[in-house]
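One structure is given below, encoded as structure tokens.
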Amino acid sequence: MPRIYIDGLPYEADSRQTVMEVAAANGIVLPGFCWHPKLSVAGNCRLCAVQVEGRSWVEISCNMPVAQDLKVLTDSDIVREYRKSILALTTLNHPVDCGICDKAGECLLQDYHYEHNGAPSTSHEVKVHATKFHALSSRITLDNERCVLCSRCVRFTHEISKTKSLGIVQRGDTSLVRASGDGAFETDAYSDNVVDLCPVGALLSRSFLYKSRVWYLKATPSVCPGCARGCAVNLWHRKPEWKLQALDARHNRAIERITPRDNPAVNGPWICNRGRDLAPLFERERATQAICAGFSVATPAAIEGARSLIERARRPVALVSSWASNEELAAFAAALGRHFTVFVKRDREPEPGEVVADDILICADKNPNSTGALANFASAWGPGSTLPEGTDLLLVWGEGFDLAQVPQSLRTIVLDAWKNPGHARADVFIPVSIQTERRGTYTNFEGTVSGFEACFEKDDSVAHAEDLFAALAAANVAAA
Ligand code: SF4
Ligand code: SF4
Ligand code: FES
């Protein structure tokens with residue numbers, strides 16, 4: 001293992017690493033637009049340059065192999081001067097329209113300019129203009145004036161999503177990123193990752209365009225429930241201290257965007273487009289009214305009704321949710337598991353037009369915690385499953401089961417978060433909280449457990465399933 005020296009300090013390196021990789025692995029941040037740990041080296045922005053001790057020139061660290069006793073300087077006079085000149089060159093034709101750019105606040109050009117240059121433009125010439133608002137796809141708009149031609153987006157489609165759907169056309173200061181003419185970028189199920197990859201505000205999500213300044217938003221760590229991969233994501237929503245007073249209050253509970261949260265054990269730094277589109281799924285009309293025998297009741301009365309049904313049942317069956325957290329499932333198992341015959345139900349199936357599965361991230365099971373549920377309860381409910389003989393009570397937790405399938409004489413309890421006219425058929429309906437209102441964990445199809453945090457408070461009339469099962473347990477114990 002070669003030992004190298006960065007600014008005089010020794011670091012152990014792998015002989016296959018570059019200086020940039022050794023620096024990154026040791027928490028040393030070298031500037032760079034084009035380098036990305038998951039993409040091949042392009043070496044085109046030159047910003048990561050360092051000086052090898054004893055040499056009077058600079059060289060790029062992202063393409064510099066390590067060697068025993070290599071000594072590099074990252075902050076010498078000529079390195080600082082070189083970086084400054086590269087940034088001056090980069091801003092020569094850049095519009096510097098940060099005031100209307102969605103990337104402002106998380107833009108590498110802004111950050112590097114303040115850290116390594118800070119000087120006004122040296123040019124008095126008119127800037128070269130290029131296309132703005134170029135529709136790269138129905139999801140992404142491209143501002144060519146802001147593009148620094150790092151080629152991260154191009155390499156992503158060649159190396160990660162494999163659609164080879166982006167390229168750079170023309171030369172010099174007329175170079176443009178463009179999509180291939182075959183529509184492959186439009187159908188690339190991972191295309192939106194280029195928005196995160198773009199170091200500047202050249203690639204922008206059309207669904208987030210001009211929605212909010214990023215500094216008004218808070219990123220809550222979460223897990224995508226879109227499939228059994230359970231990708232680590234951030235849910236971005238209004239910071240409590242920046243809540244809007246005048247506009248529709250729903251904006252304060254809106255998920256403004258969903259972005260990947262790097263988890264090497266699950267998804268790395270990527271997610272699929274479907275995962276980014278799940279905000280409307282969370283923001284469907286909620287069920288907040290408990291129902292007993294067709295009448296609206298307060299939630300405690302509905303809980304009492306459910307207790308009484310459970311107490312009287314001799315052969316109760318439960319279809320538990322594969323969108324429930326491990327903690328909720330454990331609470332059900334502890335409180336009611338011995339009393340009920342339990343089946344794990346799939347709450348969601350692939351929707352028309354949705355990518356069912358691929359060999360990158362997307363899994364065919366569109367539920368985040370089937371594995372966690374089946375670890376608690378071994379039997380799965382599937383097409384063709386029937387209720388055991390003599391079932392006298394059915395508890396349905398979550399979506400994906402229509403009560404019209406069972407005889408009306410069967411007593412039923414339904415726990416769900418979303419409004420559904422079918423709830424009125426249940427003897428007892430109790431509204432429960434959703435993932436964005438509680439913390440918990442899911443186990444993905446490979447057995448990796450990932451946690452999520454709450455973004456919003458739940459409504460008072462809505463029950464947390466964990467508490468609810470504990471409340472129902474007393475009835476079960478009394479009956480046993
Ligand atoms: S659009 Fe962004 S990611 Fe693509 S080459 Fe330009 S700056 Fe790089
Ligand atoms: S691959 Fe699955 S878990 Fe990951 S973002 Fe897409 S839908 Fe969500
Ligand atoms: S990061 Fe090394 S040349 Fe761009």
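Identifiers for the structure tokens are assigned positionally: chains receive A, B, ... in sequence, residues are indexed from 1 per chain, and ligands are indexed from 1 in the order shown.
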
Identify, with DSSP run on backbone atoms, the residues in range 133-365 of chain A assigned to helix (DSSP H, G or I), and express the list as a ChimeraX atom specification. /A:152-159,172-174,193-197,214-216,240-242,249-253,273-276,279-282,299-312,326-336

How close does chain A get to ligand 3? List, as JSON lines, each residue of chain A within 7 Å, its nearest atom pair and the distance in Å to one decimal, counting only C-alpha atoms and all ligand atoms.
{"residue": "A:Pro31", "atom": "CA", "partner": "ligand 3", "partner_atom_place_in_ligand_line": "1 (S)", "distance": 6.7}
{"residue": "A:Gly32", "atom": "CA", "partner": "ligand 3", "partner_atom_place_in_ligand_line": "1 (S)", "distance": 3.6}
{"residue": "A:Phe33", "atom": "CA", "partner": "ligand 3", "partner_atom_place_in_ligand_line": "4 (Fe)", "distance": 5.1}
{"residue": "A:Cys34", "atom": "CA", "partner": "ligand 3", "partner_atom_place_in_ligand_line": "4 (Fe)", "distance": 4.1}
{"residue": "A:Trp35", "atom": "CA", "partner": "ligand 3", "partner_atom_place_in_ligand_line": "1 (S)", "distance": 4.1}
{"residue": "A:Ala42", "atom": "CA", "partner": "ligand 3", "partner_atom_place_in_ligand_line": "3 (S)", "distance": 6.7}
{"residue": "A:Gly43", "atom": "CA", "partner": "ligand 3", "partner_atom_place_in_ligand_line": "3 (S)", "distance": 3.5}
{"residue": "A:Asn44", "atom": "CA", "partner": "ligand 3", "partner_atom_place_in_ligand_line": "3 (S)", "distance": 4.7}
{"residue": "A:Cys45", "atom": "CA", "partner": "ligand 3", "partner_atom_place_in_ligand_line": "4 (Fe)", "distance": 3.9}
{"residue": "A:Arg46", "atom": "CA", "partner": "ligand 3", "partner_atom_place_in_ligand_line": "3 (S)", "distance": 3.7}
{"residue": "A:Leu47", "atom": "CA", "partner": "ligand 3", "partner_atom_place_in_ligand_line": "4 (Fe)", "distance": 5.4}
{"residue": "A:Cys48", "atom": "CA", "partner": "ligand 3", "partner_atom_place_in_ligand_line": "2 (Fe)", "distance": 4.4}
{"residue": "A:Ala49", "atom": "CA", "partner": "ligand 3", "partner_atom_place_in_ligand_line": "2 (Fe)", "distance": 6.7}
{"residue": "A:Ile60", "atom": "CA", "partner": "ligand 3", "partner_atom_place_in_ligand_line": "2 (Fe)", "distance": 5.3}
{"residue": "A:Ser61", "atom": "CA", "partner": "ligand 3", "partner_atom_place_in_ligand_line": "2 (Fe)", "distance": 5.9}
{"residue": "A:Cys62", "atom": "CA", "partner": "ligand 3", "partner_atom_place_in_ligand_line": "2 (Fe)", "distance": 4.4}
{"residue": "A:Asn63", "atom": "CA", "partner": "ligand 3", "partner_atom_place_in_ligand_line": "2 (Fe)", "distance": 6.7}

Using only C-alpha atoms and all ligand atoms, what does the table of chain A residues within 8 Å of ligand 2 look like, with each row giving the shortest atom pair and its distance in Å to one decimal, sorted by chain and ascending number, as CSV?
residue,atom,partner,partner_atom_place_in_ligand_line,distance
A:Val223,CA,ligand 2,3 (S),7.3
A:Cys224,CA,ligand 2,8 (Fe),4.4
A:Pro225,CA,ligand 2,3 (S),5.7
A:Gly226,CA,ligand 2,7 (S),3.7
A:Cys227,CA,ligand 2,2 (Fe),3.9
A:Ala228,CA,ligand 2,3 (S),6.0
A:Arg229,CA,ligand 2,3 (S),4.5
A:Gly230,CA,ligand 2,3 (S),3.9
A:Cys231,CA,ligand 2,4 (Fe),4.1
A:Ala232,CA,ligand 2,4 (Fe),7.6
A:Val233,CA,ligand 2,5 (S),7.7
A:Pro260,CA,ligand 2,5 (S),7.7
A:Asn267,CA,ligand 2,4 (Fe),6.9
A:Trp270,CA,ligand 2,5 (S),7.8
A:Ile271,CA,ligand 2,5 (S),4.2
A:Cys272,CA,ligand 2,6 (Fe),4.1
A:Asn273,CA,ligand 2,6 (Fe),6.6
A:Arg274,CA,ligand 2,7 (S),5.3
A:Gly275,CA,ligand 2,5 (S),3.7
A:Arg276,CA,ligand 2,5 (S),6.8
A:Ile360,CA,ligand 2,1 (S),8.0
A:Leu361,CA,ligand 2,1 (S),4.5
A:Ile362,CA,ligand 2,1 (S),3.9
A:Cys363,CA,ligand 2,2 (Fe),6.1
A:Lys366,CA,ligand 2,7 (S),7.2
A:Pro368,CA,ligand 2,3 (S),7.1

Residue selection dump (N, CA and C atoms) as a CSV table (one decimal), in the first residue's frame:
chain,number,residue,atom,x,y,z
A,223,VAL,N,-37.1,6.9,3.4
A,223,VAL,CA,-36.9,5.7,2.6
A,223,VAL,C,-38.0,5.7,1.6
A,224,CYS,N,-37.6,5.5,0.3
A,224,CYS,CA,-38.6,5.5,-0.8
A,224,CYS,C,-39.5,4.3,-0.6
A,225,PRO,N,-40.8,4.4,-0.5
A,225,PRO,CA,-41.6,3.2,-0.4
A,225,PRO,C,-42.1,2.7,-1.8
A,226,GLY,N,-41.5,3.2,-2.9
A,226,GLY,CA,-42.0,2.9,-4.2
A,226,GLY,C,-41.7,1.4,-4.6
A,227,CYS,N,-40.7,0.8,-4.1
A,227,CYS,CA,-40.5,-0.6,-4.3
A,227,CYS,C,-39.7,-1.2,-3.2
A,228,ALA,N,-39.4,-2.5,-3.3
A,228,ALA,CA,-38.8,-3.3,-2.3
A,228,ALA,C,-37.3,-2.9,-2.1
A,229,ARG,N,-36.7,-2.1,-3.1
A,229,ARG,CA,-35.3,-1.7,-2.9
A,229,ARG,C,-35.2,-0.8,-1.7
A,230,GLY,N,-36.2,0.1,-1.5
A,230,GLY,CA,-36.1,1.0,-0.3
A,230,GLY,C,-35.0,1.9,-0.4
A,231,CYS,N,-34.9,2.7,-1.5
A,231,CYS,CA,-33.8,3.6,-1.6
A,231,CYS,C,-33.8,4.7,-0.5
A,232,ALA,N,-32.6,5.1,-0.1
A,232,ALA,CA,-32.5,6.2,0.9
A,232,ALA,C,-32.8,7.5,0.1
A,233,VAL,N,-33.7,8.3,0.7
A,233,VAL,CA,-34.1,9.6,0.0
A,233,VAL,C,-34.1,10.7,1.0
A,260,PRO,N,-32.1,11.7,-3.9
A,260,PRO,CA,-31.4,10.5,-3.3
A,260,PRO,C,-30.6,11.0,-2.1
A,267,ASN,N,-28.7,2.0,-2.5
A,267,ASN,CA,-28.9,2.7,-3.8
A,267,ASN,C,-27.8,3.5,-4.3
A,270,TRP,N,-28.0,7.2,-6.3
A,270,TRP,CA,-29.1,7.3,-7.4
A,270,TRP,C,-30.5,6.9,-6.8
A,271,ILE,N,-31.5,7.4,-7.5
A,271,ILE,CA,-32.9,6.8,-7.3
A,271,ILE,C,-33.5,6.8,-8.7
A,272,CYS,N,-34.6,6.1,-8.9
A,272,CYS,CA,-35.3,6.2,-10.2
A,272,CYS,C,-36.3,7.3,-10.2
A,273,ASN,N,-36.7,7.7,-11.4
A,273,ASN,CA,-37.7,8.8,-11.5
A,273,ASN,C,-39.0,8.5,-10.8
A,274,ARG,N,-39.4,7.3,-10.7
A,274,ARG,CA,-40.6,7.0,-10.0
A,274,ARG,C,-40.5,7.4,-8.6
A,275,GLY,N,-39.4,7.1,-8.0
A,275,GLY,CA,-39.2,7.5,-6.6
A,275,GLY,C,-39.3,9.0,-6.4
A,276,ARG,N,-38.9,9.8,-7.4
A,276,ARG,CA,-39.0,11.2,-7.2
A,276,ARG,C,-40.4,11.7,-7.4
A,360,ILE,N,-31.0,-2.4,-12.4
A,360,ILE,CA,-30.2,-1.3,-11.8
A,360,ILE,C,-30.8,-1.2,-10.3
A,361,LEU,N,-32.0,-0.7,-10.2
A,361,LEU,CA,-32.5,-0.5,-8.8
A,361,LEU,C,-34.0,-1.0,-8.7
A,362,ILE,N,-34.7,-0.9,-9.7
A,362,ILE,CA,-36.2,-1.0,-9.6
A,362,ILE,C,-36.6,-2.5,-9.4
A,363,CYS,N,-37.4,-2.7,-8.3
A,363,CYS,CA,-37.8,-4.1,-8.0
A,363,CYS,C,-39.3,-4.3,-8.4
A,366,LYS,N,-43.7,-3.7,-5.4
A,366,LYS,CA,-43.9,-2.2,-5.2
A,366,LYS,C,-44.3,-1.8,-3.8
A,368,PRO,N,-42.6,-1.3,0.3
A,368,PRO,CA,-41.2,-1.2,0.9
A,368,PRO,C,-40.9,-2.2,1.9

Output the neighbourhood of ligand 1 as a PyMOL selection string, that is, all protein and nucleic acid residues with some atom at most 7 Å from the ligand, counting only C-alpha atoms and all ligand atoms. chain A and resi 142+146-154+177+194+197-200+202-203

CA of Glu53 in chain A and CA of Lys71 in chain A, how far apart in Å?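 About the pair CA of Lys71 in chain A and CA of Glu53 in chain A: they are 5.6 Å apart.
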
Which residues are near Phe156 in chain A? Cut-off 12 Å, only C-alpha atoms, ignore same chain within fewer than 6 positions. Put them as a list in words.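 Those residues are Cys34, Trp35, His36, Pro37, Lys38, Leu39, Ser40, Val41, Ala42, Cys150, Lys162, Thr163, Lys164, Ser165, Leu166, Gly167, Phe185, Asp188, Tyr190, Ser191, Asp192, Asn193, Val194, Val195, Asp196, Leu197, Cys198, Pro269 and Trp270 of chain A.
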
Just asking: which residues within range 153-358 of chain A are strand (DSSP E) according to DSSP, as a ChimeraX atom specification? /A:166-169,176-179,203-205,217-223,232-238,255-260,290-292,295-297,316-321,341-345

Within 9 Å of Ala301 in chain A, counting only C-alpha atoms, which residues show up once you throw out same-chain ones fewer than 3 positions away? Write them as a PDB file with N, CA, C and O atoms, in the first residue's frame, please.
ATOM      1  N   ALA A 290     -63.055   8.667  11.776  1.00  0.00           N
ATOM      2  CA  ALA A 290     -63.339   7.275  12.151  1.00  0.00           C
ATOM      3  C   ALA A 290     -64.815   6.973  11.902  1.00  0.00           C
ATOM      4  O   ALA A 290     -65.672   7.875  11.973  1.00  0.00           O
ATOM      5  N   ILE A 291     -65.110   5.700  11.610  1.00  0.00           N
ATOM      6  CA  ILE A 291     -66.492   5.290  11.299  1.00  0.00           C
ATOM      7  C   ILE A 291     -66.810   4.022  12.090  1.00  0.00           C
ATOM      8  O   ILE A 291     -65.976   3.120  12.190  1.00  0.00           O
ATOM      9  N   CYS A 292     -68.034   3.978  12.623  1.00  0.00           N
ATOM     10  CA  CYS A 292     -68.508   2.783  13.333  1.00  0.00           C
ATOM     11  C   CYS A 292     -69.911   2.475  12.832  1.00  0.00           C
ATOM     12  O   CYS A 292     -70.781   3.360  12.918  1.00  0.00           O
ATOM     13  N   VAL A 297     -67.753   8.703  13.947  1.00  0.00           N
ATOM     14  CA  VAL A 297     -67.582   8.721  15.411  1.00  0.00           C
ATOM     15  C   VAL A 297     -66.206   9.282  15.735  1.00  0.00           C
ATOM     16  O   VAL A 297     -65.338   9.379  14.862  1.00  0.00           O
ATOM     17  N   ALA A 298     -66.011   9.629  16.997  1.00  0.00           N
ATOM     18  CA  ALA A 298     -64.675  10.038  17.423  1.00  0.00           C
ATOM     19  C   ALA A 298     -63.757   8.810  17.406  1.00  0.00           C
ATOM     20  O   ALA A 298     -64.220   7.673  17.616  1.00  0.00           O
ATOM     21  N   GLU A 304     -62.768   1.666  20.670  1.00  0.00           N
ATOM     22  CA  GLU A 304     -63.563   0.857  21.599  1.00  0.00           C
ATOM     23  C   GLU A 304     -64.393  -0.173  20.839  1.00  0.00           C
ATOM     24  O   GLU A 304     -64.494  -1.344  21.240  1.00  0.00           O
ATOM     25  N   GLY A 305     -64.962   0.271  19.682  1.00  0.00           N
ATOM     26  CA  GLY A 305     -65.733  -0.654  18.841  1.00  0.00           C
ATOM     27  C   GLY A 305     -64.860  -1.795  18.338  1.00  0.00           C
ATOM     28  O   GLY A 305     -65.278  -2.962  18.321  1.00  0.00           O
ATOM     29  N   ALA A 306     -63.632  -1.458  17.915  1.00  0.00           N
ATOM     30  CA  ALA A 306     -62.719  -2.494  17.417  1.00  0.00           C
ATOM     31  C   ALA A 306     -62.340  -3.462  18.532  1.00  0.00           C
ATOM     32  O   ALA A 306     -62.309  -4.677  18.334  1.00  0.00           O
TER      33      ALA A 306
END

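Minimum distance to His94 in chain A across A:Ser205, A:Ser137, A:Asn144, A:Thr122 (counting only C-alpha atoms) occurs at A:Asn144.
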
At a cut-off of 8 Å, using only C-alpha atoms, what residues contact Arg257 in chain A? Leave out same-chain residues fewer than 5 positions from it and give the result as a list in words.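 After dropping sequence-adjacent residues, the list is Phe208, Leu235, Trp236, His237, Arg276 and Ala279 of chain A.
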
Write out as a ChimeraX atom specification each polymer residue whose atoms come within 8 Å of Leu395 in chain A, counting only C-alpha atoms; drop sequence neighbours fewer than 4 positions from it. /A:316-319,412-415

If you count only C-alpha atoms, which residues fall within 12 Å of Ser123 in chain A, apart from same-chain ones fewer than 3 positions away, as a list of chain:residue names?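 My list of contacting residues is A:Ala88, A:Leu89, A:Thr90, A:Thr91, A:Leu92, A:Asn93, A:His94, A:Ala119, A:Pro120, A:Val126, A:Lys127, A:Val128.
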
Keeping only N, CA, C and O atoms, take the residues you just selected and write them out as a short mmCIF file (atom, residue, chain, number, x, y, z; two decimals), in the first residue's frame.
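Result saved to again_17.cif:
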data_model
loop_
_atom_site.label_atom_id
_atom_site.label_comp_id
_atom_site.auth_asym_id
_atom_site.auth_seq_id
_atom_site.Cartn_x
_atom_site.Cartn_y
_atom_site.Cartn_z
N ALA A 88 -12.16 32.14 -13.34
CA ALA A 88 -12.37 33.34 -14.15
C ALA A 88 -12.77 32.94 -15.57
O ALA A 88 -13.68 33.53 -16.17
N LEU A 89 -12.15 31.89 -16.08
CA LEU A 89 -12.48 31.39 -17.42
C LEU A 89 -13.91 30.83 -17.44
O LEU A 89 -14.67 31.08 -18.38
N THR A 90 -14.26 30.10 -16.39
CA THR A 90 -15.60 29.49 -16.34
C THR A 90 -16.69 30.56 -16.32
O THR A 90 -17.75 30.37 -16.91
N THR A 91 -16.43 31.64 -15.64
CA THR A 91 -17.49 32.66 -15.52
C THR A 91 -17.47 33.66 -16.69
O THR A 91 -18.34 34.53 -16.77
N LEU A 92 -16.51 33.49 -17.59
CA LEU A 92 -16.41 34.41 -18.71
C LEU A 92 -17.73 34.51 -19.48
O LEU A 92 -18.22 35.60 -19.77
N ASN A 93 -18.30 33.35 -19.79
CA ASN A 93 -19.57 33.36 -20.53
C ASN A 93 -20.75 32.90 -19.68
O ASN A 93 -21.86 32.79 -20.18
N HIS A 94 -20.49 32.63 -18.42
CA HIS A 94 -21.60 32.18 -17.55
C HIS A 94 -22.52 33.38 -17.26
O HIS A 94 -22.03 34.48 -17.00
N ALA A 119 -13.29 37.38 -7.34
CA ALA A 119 -13.07 38.62 -8.09
C ALA A 119 -14.15 38.81 -9.16
O ALA A 119 -14.69 37.83 -9.66
N PRO A 120 -14.48 40.06 -9.50
CA PRO A 120 -15.45 40.28 -10.57
C PRO A 120 -14.88 39.80 -11.91
O PRO A 120 -13.67 39.60 -12.04
N VAL A 126 -19.11 41.24 -24.66
CA VAL A 126 -20.46 40.68 -24.50
C VAL A 126 -20.33 39.16 -24.38
O VAL A 126 -19.54 38.54 -25.11
N LYS A 127 -21.08 38.59 -23.45
CA LYS A 127 -20.98 37.13 -23.25
C LYS A 127 -21.57 36.39 -24.45
O LYS A 127 -22.50 36.90 -25.09
N VAL A 128 -21.09 35.19 -24.67
CA VAL A 128 -21.67 34.34 -25.71
C VAL A 128 -23.01 33.82 -25.21
O VAL A 128 -23.08 33.28 -24.10
#

Could you tell me which of A:Val52, A:Ala324, A:Val355, A:Leu394 comes closest to Arg438 in chain A if we count only C-alpha atoms?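 The shortest atom-to-atom distance to Arg438 in chain A comes from A:Ala324.
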
Please compute the CA of Leu109 in chain A-CA of Glu125 in chain A distance, one decimal, in Å. 20.8 Å

Could you please determine the separation between CA of Trp381 in chain A and CA of Val342 in chain A in Å, to one decimal place?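 Here the two named atoms are 9.0 Å from each other.
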
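You can rank A:Lys239, A:Ser385, A:Ser296, A:Ser379 by their closest distance to Ile430 in chain A using only C-alpha atoms, and at the top of that list sits A:Ser296.
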
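Proximity ranking of A:Gln51, A:Thr299, A:Asn263, A:Thr441 relative to Ala330 in chain A places A:Thr441 first, based on only C-alpha atoms.
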
Counting only C-alpha atoms, which of A:Gly447, A:Pro280, A:Gly118, A:Gly400 gets nearest to Leu374 in chain A?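 Checking each candidate against Leu374 in chain A, we get A:Gly447 as the closest.
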